[in-house]
Amino acid sequence: VTTGLIVPAAGRGERLGAGHPKALRPLAGEPLLVHAVRAAVASGTVDTVVVAAPADRIDEVRSLLTGEVGRLAVVAGGESRRTSVAAALRSMPDDVDVVLVHDAARCLTPAPVFAAVMAAISAGAEAAIPTVLIADTVKRVSGEIVIDTPDRAALRVVQTPQGFRRTTLERAHAAVGGDLTDDAAMVERLGVPVRIVPGHPEAFKITNPLDLTVAEVVLSRRAGAEA
Ligand code: CTP
Ligand code: MG
């Protein structure tokens, strides 16, 4: 198989409040996007990378990633994560038959998560996603009133990379409407089974300012472990 990585990196990062696109926000001196792509390439699962970047930062993103990846394309992302992924998918070289979609904002994802997703696809899954258990009790609400409490054991938090047979992901993007924030949701609506594999706490998404602090701690702990 030839595996292509799609990195949606065109978001504004409003919750982080960075004042510039989140994927270009520095962490330990380098943009989140560089950390994310480097981790994916280091996992040894990826042959080609297509990044969906903010439309006015394409040249900058290309030069940031040159030398990190063998085969690289950078395209303009869209207004939503979904349209950013679709733009990257259209630019994926023809020989790619498995696609991993991985948020730039999950920049510390450990290699075993990539490997687990790829292993499930290699074993025949059309789609595979990393998940972790939920720490908190979750309530369903309406306005300010609690409706009920779903059984937590049946719920999972979803991470990336999400892996797909390319044809399945293309079919899902073509057939399923709605501004979904996750590619697996489109595949589910096709009726195609989506397999879960173990995620990792360090595959968390940098969303809010506290997440940057956590990411710095994770990186310095890793640096300490190497020394
Ligand atoms: N993303 C994208 N194109 C968009 C929106 C999001 O490529 N139009 C990407 C982000 O860059 C990020 C991933 O999708 O890597 C997950 O999105 P999210 O965490 O929501 O990032 P942002 O949309 O940038 O953040 P916010 O929602 O706080 O503005
Ligand atoms: Mg967003």
# chains A, B, ... in the order shown; residues from 1 in each chain; ligands from 1
$ residues_near_ligand --ligand "ligand 1" --cutoff "7 Å" --atoms "only C-alpha atoms and all ligand atoms" --output "count of residues only"
28
$ closest_atom_pairs --of "region 174-210 of chain A" --to "region 160-164 of chain A" --cutoff "9 Å" --atoms "only C-alpha atoms" --output "CSV"
residue,atom,partner,partner_atom,distance
A:Asp182,CA,A:Gln162,CA,8.8
A:Asp183,CA,A:Gln162,CA,7.6
A:Ala184,CA,A:Gln162,CA,7.2
A:Val187,CA,A:Phe164,CA,9.0
A:Gly199,CA,A:Thr160,CA,8.2
A:Ala203,CA,A:Thr160,CA,7.4
A:Phe204,CA,A:Thr160,CA,8.8
A:Lys205,CA,A:Thr160,CA,8.9
$ select_by_dssp --residues "region 75-203 of chain A" --states "helix (DSSP H, G or I)" --output "number ranges by chain"
A: 81-90, 111-122, 152-154, 166-175, 183-189, 201-203
$ residues_around --residues "region 215-227 of chain A" --least-positions-apart "3" --cutoff "9 Å" --atoms "only C-alpha atoms" --output "VMD selection string"
chain A and resid 27 to 28 107 to 108 202 206 210 to 212
$ atom_distance --atom1 "CA of Gly29 (chain A)" --atom2 "CA of Val101 (chain A)"
24.8 Å
$ atom_distance --atom1 "CA of Ala127 (chain A)" --atom2 "CA of Pro54 (chain A)"
27.3 Å
$ closest_residue --among "A:Ala153, A:Ala123, A:Asp148, A:Arg195" --to "Ala135 (chain A)" --atoms "only C-alpha atoms"
A:Ala153
$ select_by_dssp --residues "region 162-215 of chain A" --states "strand (DSSP E or B)" --output "ChimeraX atom specification"
/A:162-165,195-198
$ write_last_selection --atoms "N, CA, C and O atoms" --output "PDB file, in the first residue's frame"
ATOM      1  N   GLN A 162      -7.064   9.395  11.626  1.00  0.00           N
ATOM      2  CA  GLN A 162      -8.133   8.502  11.208  1.00  0.00           C
ATOM      3  C   GLN A 162      -7.737   7.921   9.855  1.00  0.00           C
ATOM      4  O   GLN A 162      -7.352   8.664   8.955  1.00  0.00           O
ATOM      5  N   GLY A 163      -7.800   6.601   9.742  1.00  0.00           N
ATOM      6  CA  GLY A 163      -7.341   5.919   8.534  1.00  0.00           C
ATOM      7  C   GLY A 163      -8.498   5.412   7.684  1.00  0.00           C
ATOM      8  O   GLY A 163      -9.503   4.943   8.232  1.00  0.00           O
ATOM      9  N   PHE A 164      -8.330   5.504   6.363  1.00  0.00           N
ATOM     10  CA  PHE A 164      -9.386   5.077   5.444  1.00  0.00           C
ATOM     11  C   PHE A 164      -8.785   4.483   4.185  1.00  0.00           C
ATOM     12  O   PHE A 164      -7.754   4.971   3.697  1.00  0.00           O
ATOM     13  N   ARG A 165      -9.464   3.468   3.629  1.00  0.00           N
ATOM     14  CA  ARG A 165      -9.232   3.152   2.225  1.00  0.00           C
ATOM     15  C   ARG A 165      -9.586   4.404   1.440  1.00  0.00           C
ATOM     16  O   ARG A 165     -10.638   4.997   1.671  1.00  0.00           O
ATOM     17  N   ARG A 195     -13.715   0.921  12.574  1.00  0.00           N
ATOM     18  CA  ARG A 195     -13.115   0.160  13.666  1.00  0.00           C
ATOM     19  C   ARG A 195     -12.392   1.109  14.635  1.00  0.00           C
ATOM     20  O   ARG A 195     -11.792   2.087  14.194  1.00  0.00           O
ATOM     21  N   ILE A 196     -12.441   0.805  15.932  1.00  0.00           N
ATOM     22  CA  ILE A 196     -11.677   1.612  16.876  1.00  0.00           C
ATOM     23  C   ILE A 196     -10.408   0.877  17.289  1.00  0.00           C
ATOM     24  O   ILE A 196     -10.370  -0.347  17.400  1.00  0.00           O
ATOM     25  N   VAL A 197      -9.347   1.666  17.477  1.00  0.00           N
ATOM     26  CA  VAL A 197      -8.065   1.144  17.952  1.00  0.00           C
ATOM     27  C   VAL A 197      -7.622   2.036  19.118  1.00  0.00           C
ATOM     28  O   VAL A 197      -8.163   3.131  19.297  1.00  0.00           O
ATOM     29  N   PRO A 198      -6.652   1.587  19.917  1.00  0.00           N
ATOM     30  CA  PRO A 198      -6.269   2.405  21.080  1.00  0.00           C
ATOM     31  C   PRO A 198      -5.648   3.738  20.682  1.00  0.00           C
ATOM     32  O   PRO A 198      -4.717   3.788  19.879  1.00  0.00           O
TER      33      PRO A 198
END
$ atom_distance --atom1 "CA of Ala115 (chain A)" --atom2 "CA of Ile129 (chain A)"
11.4 Å
$ closest_residue --among "A:Gly178, A:Pro130, A:Gly4, A:Gly143" --to "Gly70 (chain A)" --atoms "only C-alpha atoms"
A:Gly4
